[in-house]
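To be precise, the following lines are protein-v7.txt, and they hold compact mmCIF, C-alpha atoms and all ligand atoms.
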# COMPACT_ATOMS: atom_id res chain seq x y z
CA MET A 685 14.31 20.37 29.89
CA THR A 686 11.24 18.13 30.05
CA ARG A 687 9.30 18.51 33.26
CA GLY A 688 9.25 15.42 35.48
CA LYS A 689 6.03 13.59 36.22
CA PHE A 690 4.22 13.87 39.52
CA ILE A 691 2.57 10.71 40.84
CA THR A 692 0.70 10.43 44.15
CA PHE A 693 -0.44 7.35 46.05
CA GLU A 694 -3.62 7.39 48.07
CA GLY A 695 -5.84 5.04 50.03
CA GLY A 696 -6.68 4.08 53.59
CA GLU A 697 -4.35 2.72 56.26
CA GLY A 698 -2.50 -0.40 55.19
CA ALA A 699 -3.63 -0.11 51.58
CA GLY A 700 -0.03 -0.59 50.45
CA LYS A 701 0.89 2.98 49.50
CA THR A 702 4.39 3.01 51.00
CA THR A 703 5.14 -0.45 49.57
CA GLN A 704 4.04 0.52 46.05
CA VAL A 705 5.79 3.92 46.09
CA ALA A 706 9.04 2.06 46.80
CA ARG A 707 8.37 -0.50 44.04
CA LEU A 708 7.63 2.11 41.42
CA ALA A 709 10.64 4.23 42.41
CA GLU A 710 12.89 1.19 42.06
CA ARG A 711 11.51 0.38 38.64
CA LEU A 712 11.73 3.95 37.34
CA ARG A 713 15.31 4.33 38.59
CA ALA A 714 16.26 1.00 37.01
CA GLY A 715 14.97 2.44 33.74
CA GLY A 716 17.14 5.54 34.16
CA VAL A 717 14.40 7.91 35.32
CA GLU A 718 15.61 10.20 38.10
CA THR A 719 13.02 9.81 40.86
CA VAL A 720 12.47 11.27 44.31
CA VAL A 721 10.20 9.74 46.91
CA THR A 722 8.45 11.91 49.45
CA ARG A 723 5.42 11.81 51.72
CA GLU A 724 2.68 13.82 53.33
CA PRO A 725 2.09 15.06 55.86
CA GLY A 726 5.78 15.91 55.97
CA GLY A 727 8.16 16.10 53.05
CA THR A 728 10.32 18.95 54.45
CA PRO A 729 11.91 19.42 57.91
CA LEU A 730 9.19 21.96 58.79
CA GLY A 731 6.52 19.64 57.38
CA GLU A 732 7.83 16.69 59.40
CA SER A 733 7.66 18.84 62.56
CA ILE A 734 4.06 19.75 61.75
CA ARG A 735 3.30 16.06 61.12
CA ASP A 736 4.67 15.16 64.59
CA VAL A 737 2.68 17.93 66.27
CA VAL A 738 -0.59 17.00 64.56
CA LEU A 739 -0.28 13.23 65.00
CA GLY A 740 0.47 13.70 68.71
CA ALA A 741 -2.51 15.97 69.38
CA SER A 742 -6.24 16.03 68.65
CA PRO A 743 -6.71 19.29 66.77
CA GLU A 744 -10.02 20.55 65.45
CA PRO A 745 -10.56 19.44 61.82
CA VAL A 746 -10.01 22.98 60.53
CA THR A 747 -6.83 23.32 62.60
CA GLU A 748 -5.57 20.06 61.14
CA LEU A 749 -6.49 21.25 57.64
CA LEU A 750 -4.54 24.49 58.06
CA LEU A 751 -1.49 22.87 59.64
CA PHE A 752 -1.30 20.23 56.92
CA ALA A 753 -1.85 22.95 54.31
CA ALA A 754 1.10 24.87 55.73
CA ALA A 755 3.25 21.76 55.50
CA ARG A 756 2.03 21.18 51.93
CA ALA A 757 2.76 24.74 50.81
CA GLU A 758 6.38 24.26 51.90
CA HIS A 759 6.56 20.81 50.36
CA VAL A 760 5.22 21.89 46.97
CA ALA A 761 7.35 25.05 46.79
CA LYS A 762 10.62 23.67 48.16
CA VAL A 763 10.65 20.03 47.07
CA ILE A 764 8.05 19.03 44.49
CA ARG A 765 8.13 21.97 42.08
CA PRO A 766 11.92 22.30 41.94
CA ALA A 767 12.32 18.56 41.34
CA LEU A 768 9.74 18.51 38.53
CA ALA A 769 11.33 21.59 36.93
CA HIS A 770 14.65 19.76 37.01
CA GLY A 771 13.12 16.84 35.11
CA THR A 772 12.97 14.56 38.14
CA TRP A 773 9.91 12.42 38.72
CA VAL A 774 8.24 12.84 42.12
CA LEU A 775 6.40 10.03 43.89
CA CYS A 776 4.42 11.23 46.88
CA ASP A 777 2.87 9.00 49.56
CA ARG A 778 -0.50 10.78 50.19
CA PHE A 779 -1.38 14.23 48.85
CA VAL A 780 -4.50 16.34 48.18
CA ASP A 781 -6.91 13.42 48.05
CA SER A 782 -6.06 12.47 51.64
CA THR A 783 -7.01 16.00 52.70
CA ARG A 784 -10.24 15.85 50.70
CA VAL A 785 -11.06 12.51 52.33
CA TYR A 786 -9.88 12.91 55.96
CA GLN A 787 -10.52 16.60 56.63
CA GLY A 788 -13.28 16.93 54.02
CA VAL A 789 -15.58 13.91 53.73
CA MET A 790 -14.68 12.33 57.08
CA ALA A 791 -14.27 15.39 59.33
CA GLY A 792 -16.76 17.67 57.59
CA VAL A 793 -14.64 20.63 56.52
CA SER A 794 -16.26 22.20 53.48
CA ALA A 795 -15.00 21.19 50.04
CA ASP A 796 -15.04 24.89 49.09
CA LEU A 797 -12.53 25.80 51.77
CA ILE A 798 -10.34 22.81 50.92
CA GLY A 799 -10.50 23.72 47.22
CA ALA A 800 -9.60 27.36 47.92
CA ILE A 801 -6.58 26.28 49.97
CA GLU A 802 -5.50 23.87 47.22
CA MET A 803 -5.59 26.73 44.72
CA ARG A 804 -3.26 28.77 46.94
CA THR A 805 -0.87 25.98 48.03
CA VAL A 806 -0.81 23.40 45.22
CA ALA A 807 -2.05 24.88 41.93
CA PRO A 808 -0.91 24.49 39.24
CA THR A 809 1.16 21.56 40.54
CA PHE A 810 -1.55 18.90 40.68
CA PRO A 811 -0.47 15.27 40.16
CA ASP A 812 -0.18 13.89 36.62
CA LEU A 813 -1.36 10.57 38.00
CA THR A 814 -2.89 9.46 41.29
CA VAL A 815 -2.92 5.77 42.19
CA VAL A 816 -5.72 5.02 44.63
CA LEU A 817 -5.11 1.69 46.32
CA ASP A 818 -8.38 0.08 47.22
CA VAL A 819 -8.54 -2.65 49.87
CA PRO A 820 -11.39 -3.87 52.07
CA ALA A 821 -11.25 -2.02 55.40
CA GLU A 822 -10.59 -5.21 57.43
CA GLU A 823 -7.66 -6.16 55.20
CA GLY A 824 -6.01 -2.74 55.59
CA LEU A 825 -6.50 -2.77 59.35
CA LYS A 826 -5.14 -6.31 59.63
CA ARG A 827 -2.01 -5.23 57.76
CA THR A 828 -1.33 -2.17 59.90
CA GLU A 829 -2.02 -4.11 63.10
CA ALA A 830 0.40 -6.83 62.00
CA ARG A 831 2.99 -4.12 61.45
CA GLY A 832 2.34 -2.84 64.98
CA ALA A 833 2.69 0.82 64.01
CA LEU A 834 -0.53 2.37 65.17
CA THR A 835 -0.98 6.11 64.77
CA ARG A 836 -3.97 8.08 65.97
CA PHE A 837 -5.73 7.51 62.65
CA ASP A 838 -5.29 3.73 62.82
CA ALA A 839 -7.00 3.51 66.19
CA GLU A 840 -10.38 4.69 64.89
CA HIS A 841 -13.37 2.39 64.80
CA ALA A 842 -13.77 -0.21 62.01
CA ALA A 843 -16.93 1.47 60.67
CA TYR A 844 -14.85 4.57 60.11
CA HIS A 845 -12.56 2.57 57.84
CA VAL A 846 -15.45 1.28 55.79
CA GLU A 847 -16.60 4.87 55.28
CA LEU A 848 -13.03 5.90 54.53
CA ARG A 849 -12.73 3.37 51.74
CA GLU A 850 -15.95 4.63 50.19
CA ALA A 851 -14.69 8.22 50.41
CA PHE A 852 -11.46 7.38 48.56
CA ARG A 853 -13.44 5.57 45.88
CA ARG A 854 -15.71 8.58 45.37
CA VAL A 855 -12.79 11.00 45.23
CA ALA A 856 -11.05 8.78 42.65
CA LEU A 857 -14.15 8.40 40.51
CA ALA A 858 -14.67 12.17 40.46
CA GLU A 859 -11.42 12.71 38.51
CA PRO A 860 -10.88 9.76 36.16
CA GLU A 861 -8.30 11.60 34.00
CA ARG A 862 -6.01 11.94 37.00
CA CYS A 863 -6.95 9.02 39.25
CA VAL A 864 -6.72 5.31 38.70
CA MET A 865 -8.20 2.85 41.20
CA VAL A 866 -6.09 -0.22 41.74
CA ASP A 867 -7.22 -3.38 43.53
CA GLY A 868 -4.78 -3.43 46.44
CA SER A 869 -5.94 -6.72 47.90
CA ARG A 870 -3.74 -8.76 45.53
CA ALA A 871 -0.10 -9.77 45.94
CA ALA A 872 2.30 -6.80 46.02
CA ASP A 873 4.05 -7.99 42.80
CA GLU A 874 0.79 -8.13 40.91
CA ILE A 875 -0.20 -4.64 42.07
CA ALA A 876 3.23 -3.27 41.15
CA ALA A 877 2.93 -4.76 37.64
CA ASP A 878 -0.51 -3.22 37.26
CA ILE A 879 0.72 0.23 38.36
CA TRP A 880 3.72 -0.06 36.03
CA ARG A 881 1.42 -0.75 33.06
CA THR A 882 -0.58 2.39 33.91
CA VAL A 883 2.56 4.51 34.24
CA GLU A 884 3.84 3.22 30.90
CA THR A 885 0.61 3.92 29.06
CA ARG A 886 -0.32 7.21 30.68
CA LEU A 887 3.05 8.84 31.33
CA LEU A 888 6.12 7.14 29.86
CA ALA A 889 4.76 6.94 26.34
CA GLU A 890 4.39 10.72 26.17
CA ALA A 891 7.66 11.41 28.05
CA ARG A 892 9.72 9.53 25.44
CA PRO A 893 11.24 11.70 22.74
N1 LIG A 901 -0.19 -6.46 48.56
C1 LIG A 901 0.07 -6.73 49.84
N2 LIG A 901 -0.31 -7.90 50.38
C2 LIG A 901 -0.07 -8.17 51.69
N3 LIG A 901 0.57 -7.35 52.55
C3 LIG A 901 0.98 -6.17 52.06
C4 LIG A 901 0.76 -5.80 50.68
N4 LIG A 901 1.28 -4.57 50.49
C5 LIG A 901 1.80 -4.20 51.68
N5 LIG A 901 1.63 -5.15 52.61
C6 LIG A 901 2.03 -5.09 54.03
O1 LIG A 901 0.98 -4.42 54.73
C7 LIG A 901 1.50 -3.45 55.64
C8 LIG A 901 1.02 -2.06 55.19
O2 LIG A 901 1.60 -1.73 53.92
P1 LIG A 901 2.09 -0.26 53.59
O3 LIG A 901 2.89 0.26 54.73
O4 LIG A 901 2.71 -0.27 52.26
O5 LIG A 901 0.66 0.47 53.55
P2 LIG A 901 0.33 2.02 53.65
O6 LIG A 901 -0.82 2.23 52.75
O7 LIG A 901 1.55 2.81 53.41
O8 LIG A 901 -0.12 2.14 55.16
P3 LIG A 901 -0.20 3.48 56.07
O9 LIG A 901 -1.42 4.21 55.65
O10 LIG A 901 -0.37 2.93 57.46
O11 LIG A 901 1.06 4.23 55.87
C9 LIG A 901 3.01 -3.62 55.59
O12 LIG A 901 3.40 -4.46 56.64
C10 LIG A 901 3.28 -4.26 54.25
O13 LIG A 901 4.44 -5.05 54.26
MG MG A 902 2.52 4.23 54.56

Let me see the file written as structure tokens.
Ligand SMILES: Nc1ncnc2c1ncn2[C@@H]1O[C@H](COP(=O)(O)OP(=O)(O)OP(=O)(O)O)[C@@H](O)[C@H]1O
Ligand SMILES: [Mg+2]
Amino acid sequence: MTRGKFITFEGGEGAGKTTQVARLAERLRAGGVETVVTREPGGTPLGESIRDVVLGASPEPVTELLLFAAARAEHVAKVIRPALAHGTWVLCDRFVDSTRVYQGVMAGVSADLIGAIEMRTVAPTFPDLTVVLDVPAEEGLKRTEARGALTRFDAEHAAYHVELREAFRRVALAEPERCVMVDGSRAADEIAADIWRTVETRLLAEARP
């Protein structure tokens, strides 16, 4: 059986990740591709409990890293890997790049430690494609504020979001074979069409018999 493809969506708050995950899932399913949608932190009952604990507290960066890593280890082993092995495509809302950006670049945990944990929790199940949605910080904040769903991360200062955007751009540029940067400031339909073209060229072409 052909392994499914693993696609992750990354970017700052309000970049449109959840919206575009849903759009792509709809389009893949319409084309007969079995697709599961999942998210991080979370993705399993244990992972969702860890997500609730972390988002309701103010842990040290390394504590946060380890708790999210625990959630990810479960998620990869129990959900992502089995689905891919079964031929199902997996779309994940945030994954390793969010850790590299939030706990790494932004909170200062060393890239070496993060890399070592990735090797033990994720490898060799890295994404086939990562869509990094890029929007100006003010635009992302405006969108999440309009939605009224503020989490601890959303409440941070605006300068933080400017830095965050830069961090996602750097992380994406560091791995061009895996990551594609998409201008997320356009209309949702336009972005979805753009992502679909990338999926067709990079993944569907080779998945077809
Ligand atoms: N291209 C777009 N143009 C305008 N508004 C958008 C666009 N995409 C999404 N939105 C709206 O912006 C808000 C944030 O979008 P979404 O939840 O998809 O972002 P997100 O990246 O998942 O955010 P978060 O990091 O907070 O989970 C939602 O209210 C959504 O309807
Ligand atoms: Mg979201």

If we count all atoms listed in the file, what is near Phe690 of chain A at a cut-off of 9 Å, once residues fewer than 2 positions away on the same chain are taken out, given as a VMD selection string? chain A and resid 688 692 764 768 772 to 776 809 to 814

6 Å shell around ligand LIG 901 (chain A) using all atoms listed in the file, listed as a list of chain:residue names: A:Gly696, A:Glu697, A:Gly698, A:Ala699, A:Gly700, A:Lys701, A:Thr702, A:Thr703, A:Arg827, A:Thr828, A:Arg831, A:Gly868, A:Ser869, A:Arg870, A:Ala871, A:Ala872

Selected residues written out, C-alpha atoms, as an mmCIF file, keeping the file's coordinate frame:
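To be explicit, this is the file written out as out-v3.cif:
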data_model
loop_
_atom_site.group_PDB
_atom_site.id
_atom_site.type_symbol
_atom_site.label_atom_id
_atom_site.label_comp_id
_atom_site.auth_asym_id
_atom_site.auth_seq_id
_atom_site.Cartn_x
_atom_site.Cartn_y
_atom_site.Cartn_z
ATOM 1 C CA GLY A 696 -6.680 4.080 53.590
ATOM 2 C CA GLU A 697 -4.350 2.720 56.260
ATOM 3 C CA GLY A 698 -2.500 -0.400 55.190
ATOM 4 C CA ALA A 699 -3.630 -0.110 51.580
ATOM 5 C CA GLY A 700 -0.030 -0.590 50.450
ATOM 6 C CA LYS A 701 0.890 2.980 49.500
ATOM 7 C CA THR A 702 4.390 3.010 51.000
ATOM 8 C CA THR A 703 5.140 -0.450 49.570
ATOM 9 C CA ARG A 827 -2.010 -5.230 57.760
ATOM 10 C CA THR A 828 -1.330 -2.170 59.900
ATOM 11 C CA ARG A 831 2.990 -4.120 61.450
ATOM 12 C CA GLY A 868 -4.780 -3.430 46.440
ATOM 13 C CA SER A 869 -5.940 -6.720 47.900
ATOM 14 C CA ARG A 870 -3.740 -8.760 45.530
ATOM 15 C CA ALA A 871 -0.100 -9.770 45.940
ATOM 16 C CA ALA A 872 2.300 -6.800 46.020
#

When you count only C-alpha atoms and all ligand atoms, which of these residues is closest to ligand MG 902 (chain A): A:Gly731, A:Phe752, A:Glu718, A:Arg778?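 Ranked by minimum distance to ligand MG 902 (chain A), first place goes to A:Arg778.
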
Atomic separation - atom CA of Glu758 of chain A relative to atom CA of Glu732 of chain A, Å: 10.8 Å

Go through A:Val815, A:Ala889, A:Cys863, A:Val705 one by one, measure the shortest atom-to-atom distance of each to ligand MG 902 (chain A) using all atoms listed in the file, and give the residue with the smallest value.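 So, comparing all the options, the nearest one is A:Val705.
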
So which residues are close to (11.4, 0.6, 42.5), meaning at most 12 Å away in the file's coordinates with all atoms listed in the file counted, and can you show them as a list in words?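 Result, sorted by chain then residue number: Thr702, Thr703, Gln704, Val705, Ala706, Arg707, Leu708, Ala709, Glu710, Arg711, Leu712, Arg713, Ala714, Gly715, Gly716, Val717, Glu718, Thr719, Val720, Val721, Leu775, Asp873, Ala876, Ala877, Ile879 and Trp880 of chain A.
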
Atomic separation - atom CA of Asp781 of chain A relative to atom CA of Ile734 of chain A, Å: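 Here the two named atoms are 18.7 Å from each other.
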
Identify which of the residues A:Thr686, A:Val793, A:Val819, A:Val806 lies closest to Val746 of chain A, counting all atoms listed in the file when measuring atom-to-atom distances. A:Val793
